[in-house]
Amino acid sequence: MKNTSNIQKNPSPIINKEINKKNSSSEESGKEKEEENGLKVTDLNAVTPDMRPNAWEENLQEAMNDTSWYEVVAIQSGIPRLMMEEKEWFFNYLREQIILRGNESSMNSLHEIKNYFANLTRQGSHVSSTTQVALKRFLKNRQEQQQCSPYETITNGIRTYDGHPIPAYAKPRPSAAHIWNPVTNEWTR
């Protein structure tokens, strides 16, 4: 009995040579296949992400074109009307967030882009509240732009013309020929 168990623990050198010979021959045939095809067997079953430099932007564009998915995400956001009206802003914001966080290389599939976007807008999340603050800031700036004269611009929340600041109490600039006179506090030609 002792001899039998000892043999099972330590097989004879002849048996070891046979096992090693079989393993090495199967490894060699595997190597031949690897060299022949240029691929490893494990590589055939692996899911490889799209590693093209701008693949994530193509996936982002594809997500933007998926109307039914976008409508569902808008409903889940709690602000569906705004999301539908400002669709372009939301996708530009998503693009900025991906770049800002350096996630371009990790956004390898359409599924990852859609998940990221859904998390960015999901009602009640911290990220969603940050997104809504950015949206409100955008809408406020756009409204201010629309309220000022076409001959003015708003830079950092301050009305300006040709780089000159305009006082907050000043009436809209009447034309491109008018300049602000700080002495009389009015527009002059």
# chains A, B, ... in the order shown; residues from 1 in each chain; ligands from 1
>>> residues_around(residues="Leu110 of chain A", least_positions_apart="6", cutoff="8 Å", atoms="only C-alpha atoms", output="ChimeraX atom specification")
/A:56,59-60,62-63
>>> residues_around(residues="Ala168 of chain A", least_positions_apart="2", cutoff="9 Å", atoms="only C-alpha atoms", output="list in words")
Ile158, Arg159, Ile166, Ala170 and Lys171 of chain A
>>> closest_residue(among="A:Met84, A:Ala55, A:Ala134, A:Ile75", to="Glu104 of chain A", atoms="only C-alpha atoms")
A:Ala55
>>> select_by_dssp(residues="segment 72-189 of chain A", states="helix (DSSP H, G or I)", output="ChimeraX atom specification")
/A:72-77,80-85,87-100,104-106,110-121,126-147
>>> atom_distance(atom1="atom CA of Asn156 of chain A", atom2="atom CA of Met83 of chain A")
25.2 Å
>>> closest_atom_pairs(of="segment 79-104 of chain A", to="segment 120-129 of chain A", cutoff="10 Å", atoms="only C-alpha atoms", output="JSON lines")
{"residue": "A:Ile79", "atom": "CA", "partner": "A:Gln123", "partner_atom": "CA", "distance": 8.3}
{"residue": "A:Met83", "atom": "CA", "partner": "A:Thr121", "partner_atom": "CA", "distance": 9.2}
{"residue": "A:Phe90", "atom": "CA", "partner": "A:Thr121", "partner_atom": "CA", "distance": 8.9}
{"residue": "A:Tyr93", "atom": "CA", "partner": "A:Leu120", "partner_atom": "CA", "distance": 9.6}
{"residue": "A:Leu94", "atom": "CA", "partner": "A:Leu120", "partner_atom": "CA", "distance": 7.8}
{"residue": "A:Gln97", "atom": "CA", "partner": "A:Leu120", "partner_atom": "CA", "distance": 9.3}
>>> atom_distance(atom1="atom CA of Ile113 of chain A", atom2="atom CA of Gln132 of chain A")
19.1 Å
>>> closest_residue(among="A:Ala177, A:Thr131, A:Glu71, A:Gly157", to="Gln143 of chain A", atoms="only C-alpha atoms")
A:Gly157
>>> atom_distance(atom1="atom CA of Pro80 of chain A", atom2="atom CA of Gly102 of chain A")
28.2 Å
>>> residues_around(residues="Pro174 of chain A", least_positions_apart="4", cutoff="9 Å", atoms="only C-alpha atoms", output="PyMOL selection string")
chain A and resi 149-151+178+187
>>> write_last_selection(atoms="all heavy atoms", output="short mmCIF file (atom, residue, chain, number, x, y, z; two decimals), in the first residue's frame")
data_model
loop_
_atom_site.label_atom_id
_atom_site.label_comp_id
_atom_site.auth_asym_id
_atom_site.auth_seq_id
_atom_site.Cartn_x
_atom_site.Cartn_y
_atom_site.Cartn_z
N SER A 149 -27.89 94.29 -27.05
CA SER A 149 -27.95 94.78 -28.42
C SER A 149 -27.11 93.89 -29.33
O SER A 149 -26.13 93.30 -28.90
CB SER A 149 -27.39 96.21 -28.43
OG SER A 149 -27.10 96.63 -29.72
N PRO A 150 -27.49 93.80 -30.59
CA PRO A 150 -26.66 93.02 -31.51
C PRO A 150 -25.27 93.63 -31.71
O PRO A 150 -24.38 92.98 -32.24
CB PRO A 150 -27.46 93.03 -32.81
CG PRO A 150 -28.50 94.06 -32.67
CD PRO A 150 -28.68 94.33 -31.22
N TYR A 151 -25.09 94.86 -31.25
CA TYR A 151 -23.79 95.55 -31.38
C TYR A 151 -22.95 95.39 -30.12
O TYR A 151 -21.93 96.05 -29.97
CB TYR A 151 -24.02 97.03 -31.68
CG TYR A 151 -24.95 97.24 -32.85
CD1 TYR A 151 -26.25 97.71 -32.65
CD2 TYR A 151 -24.54 96.94 -34.15
CE1 TYR A 151 -27.11 97.88 -33.72
CE2 TYR A 151 -25.41 97.11 -35.21
CZ TYR A 151 -26.69 97.57 -34.99
OH TYR A 151 -27.54 97.74 -36.04
N HIS A 178 -22.04 103.97 -32.51
CA HIS A 178 -22.13 104.63 -31.21
C HIS A 178 -21.06 104.12 -30.24
O HIS A 178 -20.72 102.94 -30.24
CB HIS A 178 -23.51 104.39 -30.60
CG HIS A 178 -24.58 105.21 -31.22
ND1 HIS A 178 -25.20 104.85 -32.39
CD2 HIS A 178 -25.14 106.39 -30.84
CE1 HIS A 178 -26.10 105.76 -32.71
NE2 HIS A 178 -26.08 106.72 -31.78
N TRP A 187 -24.88 106.98 -24.97
CA TRP A 187 -24.25 106.60 -26.23
C TRP A 187 -24.14 107.83 -27.12
O TRP A 187 -25.07 108.60 -27.25
CB TRP A 187 -25.07 105.54 -26.94
CG TRP A 187 -25.09 104.21 -26.21
CD1 TRP A 187 -26.12 103.71 -25.48
CD2 TRP A 187 -24.04 103.26 -26.15
NE1 TRP A 187 -25.76 102.51 -24.96
CE2 TRP A 187 -24.50 102.19 -25.37
CE3 TRP A 187 -22.76 103.20 -26.69
CZ2 TRP A 187 -23.71 101.07 -25.09
CZ3 TRP A 187 -21.98 102.08 -26.42
CH2 TRP A 187 -22.46 101.04 -25.63
#
>>> residues_around(residues="Thr188 of chain A", least_positions_apart="4", cutoff="7 Å", atoms="only C-alpha atoms", output="PyMOL selection string")
chain A and resi 178-181
